[in-house]
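Below: the structure, in structure tokens.
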Amino acid sequence: MSRPRNDTFLRALMRQPTDYTPTWLMRQAGRYLPEYCETRRRAGNFLALCKSPQLACEVTLQPLARFPLDAAILFSDILTVPDAMGLGLYFAEGEGPRFERPLREEWAIRDLSAPDPHDKLRYVIDAVAEIRRALDNSVPLIGFSGSPFTLACYMVEGSGSSDYRHLKSMLYARPDLLHHILGVTADAVTQYLNAQIEAGAQAVQIFDTWGGTLTPHAYREFSLAYMQRVIAGLKREQDGERVPVIVFTKGGGQWLEDIAAIGCDAVGLDWTTDIAQARARVGAKVALQGNLDPSALFGTPESVSAEARRVLDAFGNHPGHVFNLGHGISQFTDPENVTALVETVRSHSRAIRVG
Ligand code: CP3
């Protein structure tokens, strides 16, 4: 296995110079693409799609066939890990993810253990290997996991939530129980990401979607500390190549210096942070990834291009920027606007470098 022919994304993560700013989009394979909906229909449902390495590979490649993107991301979901821990994941139509057995009882929490990724998550590891074969070293493949805290939110709550009442009750009333869940989950995430890296993931991203709902103190204790523990246990080199780690805490813009200090190579930014100020705060210590508002893609091709140029100009002519959205792409996005986005990032970032 060698370096991909297009290594712009990996170079940017390592803060090395690139000819243009590489781009990938969170949730780049998803319902805004008619071909994704077609494959999902053939699979029967979303989970069946995740559990078929062949179909997961097919949808991973779909956005790359349409747009000149600089990285592929494994098609899966963060909630496969708690599913493998026995919580019983399902998707109620139109209602998002649910668990049959949320973690509410102390005995169930004490019973929790980290699943062997080569057994219970074999389908993900097989998908990684299959995608690497299909990519044939064209662009790098990103593996991912949820952060221990974000996974715990769904595990305790049993679904998405507007206030995470059960989780936060546990955090304040029984922090020992939450720490136990987070410790086991951090071990699970570490083993899962290492299995993805061994199977061919060339960079990994930790999605901390809900860390930003915590107080600064609780963020450090319940989210950041466990991401640091995961990163400390990761294989950072595979086949002689560095495997960069990206940490994305949605709503984490106020803690950038803290996030940059946990051993990651890049920090993801949502759209509420000024990327020029973010860059001034972290310097060249880490790369920055982001930070176009996903809703900007509801505009016209012209307004999309203008917003993309604004982000690129704000970051300026330094190495270490990976262009992305500040959160996942909406299912209501017009693919034409994605074309305008990706083309503008290519051409405008080249122009900035020339001068
Ligand atoms: O980025 C990619 O293209 C890789 C695939 C990916 C998915 N989910 C596919 C998906 C990734 C990286 C995720 C991560 C994920 N999943 C997160 C963290 C990032 C974030 O968005 O905050 C979270 C919180 C989840 C949990 C999850 N999965 C939710 C809340 C939902 C429902 C929301 C929705 O859009 O319906 C999912 C389902 C899901 N995961 C879909 C996709 C493409 C839509 C499912 C479908 O096709 O019906």
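Ligands are numbered from 1 in the order shown, chains are lettered A, B, ... in the order of the structure tokens, and residues start at 1 in each chain.
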
Within 9 Å of ligand 1, which residues show up when you count only C-alpha atoms and all ligand atoms? List them as number ranges by chain, please. A: 24-31, 36-37, 40, 45-47, 49-50, 59-60, 63, 72-79, 91, 93-97, 142-147, 150-151, 154, 159-160, 205-210, 248, 250, 327-331

Determine which residues of stretch 144-311 of chain A receive a DSSP assignment of alpha helix (DSSP H), computed from the backbone, and state them as number ranges by chain. A: 148-157, 165-173, 175-199, 216-218, 225-232, 256-260, 275-282, 301-311

Could you name the residues that touch A:Lys51 at 10 Å or less, counting only C-alpha atoms, but leaving out those on the same chain fewer than 5 positions away, as a ChimeraX atom specification? /A:43,46,56,75-76,80,121-124,126-127

Residues from last step as file, C-alpha atoms, as a short mmCIF file (atom, residue, chain, number, x, y, z; two decimals), in the first residue's frame:
data_model
loop_
_atom_site.label_atom_id
_atom_site.label_comp_id
_atom_site.auth_asym_id
_atom_site.auth_seq_id
_atom_site.Cartn_x
_atom_site.Cartn_y
_atom_site.Cartn_z
CA ALA A 43 -30.30 -2.27 0.41
CA PHE A 46 -29.91 2.56 6.07
CA ALA A 56 -21.14 0.71 1.60
CA PHE A 75 -19.70 5.03 4.67
CA SER A 76 -20.99 3.90 8.04
CA THR A 80 -22.41 0.98 15.03
CA LEU A 121 -17.81 -4.82 13.60
CA ARG A 122 -16.31 -7.08 10.95
CA TYR A 123 -18.60 -5.55 8.29
CA VAL A 124 -17.01 -2.10 8.83
CA ASP A 126 -14.36 -5.38 5.49
CA ALA A 127 -15.87 -2.20 4.00
#

Using DSSP secondary structure from the backbone, list all strand (DSSP E) positions within stretch 152-315 of chain A, as an mmCIF file with C-alpha atoms, in the first residue's frame.
data_model
loop_
_atom_site.group_PDB
_atom_site.id
_atom_site.type_symbol
_atom_site.label_atom_id
_atom_site.label_comp_id
_atom_site.auth_asym_id
_atom_site.auth_seq_id
_atom_site.Cartn_x
_atom_site.Cartn_y
_atom_site.Cartn_z
ATOM 1 C CA ALA A 203 -6.609 9.380 8.342
ATOM 2 C CA VAL A 204 -9.258 9.224 11.069
ATOM 3 C CA GLN A 205 -11.793 11.715 12.373
ATOM 4 C CA ILE A 206 -13.420 11.718 15.810
ATOM 5 C CA PHE A 207 -16.941 13.219 15.645
ATOM 6 C CA ASP A 208 -17.803 14.959 18.906
ATOM 7 C CA GLU A 237 1.789 5.038 11.504
ATOM 8 C CA GLN A 238 0.785 2.377 9.016
ATOM 9 C CA GLU A 241 2.985 6.639 6.571
ATOM 10 C CA ARG A 242 1.708 8.937 9.321
ATOM 11 C CA VAL A 245 -6.147 12.434 13.432
ATOM 12 C CA ILE A 246 -8.877 15.106 13.125
ATOM 13 C CA VAL A 247 -11.012 16.106 16.130
ATOM 14 C CA PHE A 248 -14.335 17.807 15.423
ATOM 15 C CA THR A 249 -16.276 19.159 18.396
ATOM 16 C CA ALA A 266 -6.212 18.840 12.835
ATOM 17 C CA VAL A 267 -9.224 20.481 14.460
ATOM 18 C CA GLY A 268 -12.614 20.665 12.749
ATOM 19 C CA ALA A 287 -4.388 22.104 10.655
ATOM 20 C CA LEU A 288 -7.941 23.496 10.567
ATOM 21 C CA GLN A 289 -10.828 21.834 8.765
ATOM 22 C CA GLY A 290 -14.036 23.611 7.827
ATOM 23 C CA ASN A 291 -15.923 25.887 8.078
ATOM 24 C CA LEU A 292 -18.644 26.732 5.538
#

Neighbours of A:Gly320 within 8 Å (only C-alpha atoms; same-chain residues fewer than 6 positions away dropped), as a list in words?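 The neighbour list is Arg11, Ala12, Leu13, Met14, Arg15, Gln16, Pro17, Ala284, Val286, Ala287 and Leu288 of chain A.
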
Restricting the output to C-alpha atoms, write the selected residues as a JSON list (two decimals), in the first residue's frame.
[["chain", "number", "residue", "atom", "x", "y", "z"],
["A", 11, "ARG", "CA", -0.33, 17.03, 3.12],
["A", 12, "ALA", "CA", -2.71, 19.76, 4.33],
["A", 13, "LEU", "CA", -3.38, 17.82, 7.54],
["A", 14, "MET", "CA", 0.40, 17.76, 8.14],
["A", 15, "ARG", "CA", 0.62, 21.52, 7.41],
["A", 16, "GLN", "CA", 2.71, 20.94, 4.28],
["A", 17, "PRO", "CA", 2.32, 23.18, 1.21],
["A", 284, "ALA", "CA", 0.62, 26.08, 12.75],
["A", 286, "VAL", "CA", -2.64, 21.93, 14.02],
["A", 287, "ALA", "CA", -4.39, 22.10, 10.66],
["A", 288, "LEU", "CA", -7.94, 23.50, 10.57]]

Which residues are near A:Asn6? Cut-off 12 Å, only C-alpha atoms, ignore same chain within fewer than 2 positions. Put them as a PyMOL selection string. chain A and resi 2-4+8-12+18-20+22-23+68-72+135-141

Let's have the selection written as a PDB file, in the first residue's frame, with N, CA and C atoms.
ATOM      1  N   SER A   2       0.644   2.124  -0.934  1.00  0.00           N
ATOM      2  CA  SER A   2       1.506   3.299  -0.995  1.00  0.00           C
ATOM      3  C   SER A   2       0.671   4.566  -0.880  1.00  0.00           C
ATOM      4  N   ARG A   3       1.360   5.659  -0.988  1.00  0.00           N
ATOM      5  CA  ARG A   3       0.730   6.960  -0.847  1.00  0.00           C
ATOM      6  C   ARG A   3      -0.247   7.190  -2.002  1.00  0.00           C
ATOM      7  N   PRO A   4      -1.416   7.804  -1.756  1.00  0.00           N
ATOM      8  CA  PRO A   4      -2.346   8.047  -2.862  1.00  0.00           C
ATOM      9  C   PRO A   4      -1.772   9.028  -3.891  1.00  0.00           C
ATOM     10  N   THR A   8      -3.086  15.587  -1.506  1.00  0.00           N
ATOM     11  CA  THR A   8      -3.288  16.981  -1.057  1.00  0.00           C
ATOM     12  C   THR A   8      -3.891  17.038   0.348  1.00  0.00           C
ATOM     13  N   PHE A   9      -4.896  16.196   0.586  1.00  0.00           N
ATOM     14  CA  PHE A   9      -5.577  16.175   1.883  1.00  0.00           C
ATOM     15  C   PHE A   9      -4.604  15.790   3.001  1.00  0.00           C
ATOM     16  N   LEU A  10      -3.810  14.734   2.777  1.00  0.00           N
ATOM     17  CA  LEU A  10      -2.867  14.287   3.817  1.00  0.00           C
ATOM     18  C   LEU A  10      -1.792  15.343   4.049  1.00  0.00           C
ATOM     19  N   ARG A  11      -1.343  15.975   2.972  1.00  0.00           N
ATOM     20  CA  ARG A  11      -0.326  17.031   3.116  1.00  0.00           C
ATOM     21  C   ARG A  11      -0.883  18.208   3.913  1.00  0.00           C
ATOM     22  N   ALA A  12      -2.108  18.623   3.615  1.00  0.00           N
ATOM     23  CA  ALA A  12      -2.707  19.763   4.329  1.00  0.00           C
ATOM     24  C   ALA A  12      -2.853  19.429   5.814  1.00  0.00           C
ATOM     25  N   THR A  18       0.510  22.836  -0.387  1.00  0.00           N
ATOM     26  CA  THR A  18      -0.262  22.130  -1.419  1.00  0.00           C
ATOM     27  C   THR A  18      -0.562  23.127  -2.541  1.00  0.00           C
ATOM     28  N   ASP A  19      -0.865  22.614  -3.744  1.00  0.00           N
ATOM     29  CA  ASP A  19      -1.144  23.508  -4.883  1.00  0.00           C
ATOM     30  C   ASP A  19      -2.494  24.194  -4.742  1.00  0.00           C
ATOM     31  N   TYR A  20      -3.391  23.570  -4.007  1.00  0.00           N
ATOM     32  CA  TYR A  20      -4.726  24.132  -3.791  1.00  0.00           C
ATOM     33  C   TYR A  20      -5.239  23.583  -2.468  1.00  0.00           C
ATOM     34  N   PRO A  22      -7.422  21.282  -0.327  1.00  0.00           N
ATOM     35  CA  PRO A  22      -8.212  20.066  -0.538  1.00  0.00           C
ATOM     36  C   PRO A  22      -9.603  20.184   0.095  1.00  0.00           C
ATOM     37  N   THR A  23     -10.544  19.448  -0.459  1.00  0.00           N
ATOM     38  CA  THR A  23     -11.934  19.489   0.013  1.00  0.00           C
ATOM     39  C   THR A  23     -12.508  18.094   0.189  1.00  0.00           C
ATOM     40  N   PRO A  68     -14.898  16.639  -7.910  1.00  0.00           N
ATOM     41  CA  PRO A  68     -13.457  16.383  -7.722  1.00  0.00           C
ATOM     42  C   PRO A  68     -13.044  16.564  -6.259  1.00  0.00           C
ATOM     43  N   LEU A  69     -13.460  15.634  -5.407  1.00  0.00           N
ATOM     44  CA  LEU A  69     -13.142  15.701  -3.975  1.00  0.00           C
ATOM     45  C   LEU A  69     -11.762  15.098  -3.722  1.00  0.00           C
ATOM     46  N   ASP A  70     -11.138  15.485  -2.617  1.00  0.00           N
ATOM     47  CA  ASP A  70      -9.761  15.074  -2.349  1.00  0.00           C
ATOM     48  C   ASP A  70      -9.647  13.977  -1.306  1.00  0.00           C
ATOM     49  N   ALA A  71     -10.776  13.478  -0.804  1.00  0.00           N
ATOM     50  CA  ALA A  71     -10.728  12.347   0.120  1.00  0.00           C
ATOM     51  C   ALA A  71     -12.074  11.626   0.059  1.00  0.00           C
ATOM     52  N   ALA A  72     -12.020  10.331   0.364  1.00  0.00           N
ATOM     53  CA  ALA A  72     -13.242   9.534   0.521  1.00  0.00           C
ATOM     54  C   ALA A  72     -13.426   9.316   2.014  1.00  0.00           C
ATOM     55  N   LEU A 135     -10.637   2.270  -4.467  1.00  0.00           N
ATOM     56  CA  LEU A 135     -10.024   3.594  -4.686  1.00  0.00           C
ATOM     57  C   LEU A 135      -8.710   3.476  -5.462  1.00  0.00           C
ATOM     58  N   ASP A 136      -8.056   2.315  -5.333  1.00  0.00           N
ATOM     59  CA  ASP A 136      -6.832   2.049  -6.083  1.00  0.00           C
ATOM     60  C   ASP A 136      -5.818   3.194  -5.950  1.00  0.00           C
ATOM     61  N   ASN A 137      -5.643   3.683  -4.717  1.00  0.00           N
ATOM     62  CA  ASN A 137      -4.660   4.753  -4.442  1.00  0.00           C
ATOM     63  C   ASN A 137      -4.927   6.067  -5.167  1.00  0.00           C
ATOM     64  N   SER A 138      -6.183   6.353  -5.507  1.00  0.00           N
ATOM     65  CA  SER A 138      -6.482   7.642  -6.144  1.00  0.00           C
ATOM     66  C   SER A 138      -6.481   8.764  -5.100  1.00  0.00           C
ATOM     67  N   VAL A 139      -7.340   8.660  -4.089  1.00  0.00           N
ATOM     68  CA  VAL A 139      -7.384   9.639  -2.993  1.00  0.00           C
ATOM     69  C   VAL A 139      -7.368   8.864  -1.666  1.00  0.00           C
ATOM     70  N   PRO A 140      -7.007   9.543  -0.576  1.00  0.00           N
ATOM     71  CA  PRO A 140      -6.984   8.846   0.723  1.00  0.00           C
ATOM     72  C   PRO A 140      -8.381   8.526   1.246  1.00  0.00           C
ATOM     73  N   LEU A 141      -8.433   7.511   2.103  1.00  0.00           N
ATOM     74  CA  LEU A 141      -9.683   7.102   2.742  1.00  0.00           C
ATOM     75  C   LEU A 141      -9.653   7.506   4.225  1.00  0.00           C
TER      76      LEU A 141
END

Given the choices A:Glu157, A:Glu35, A:Asp270, A:Glu336, which gets closest to A:Leu87 if the distance is worked out from only C-alpha atoms?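 For A:Leu87, the nearest of the candidates is A:Glu157.
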
Excluding same-chain residues fewer than 4 positions from A:Asp293, what lies within 6 Å of it counting only C-alpha atoms, as a ChimeraX atom specification? /A:271,325-326

Rank A:Pro102, A:Ser303, A:Thr344, A:Ile131 by their smallest atom-to-atom distance to A:Tyr90, using only C-alpha atoms, and report the top residue only.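 Of A:Pro102, A:Ser303, A:Thr344, A:Ile131, the one nearest A:Tyr90 is A:Pro102, counting only C-alpha atoms.
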
Figure out the distance between atom CA of A:Arg310 and atom CA of A:Gly253, please, to one decimal in Å. 18.3 Å
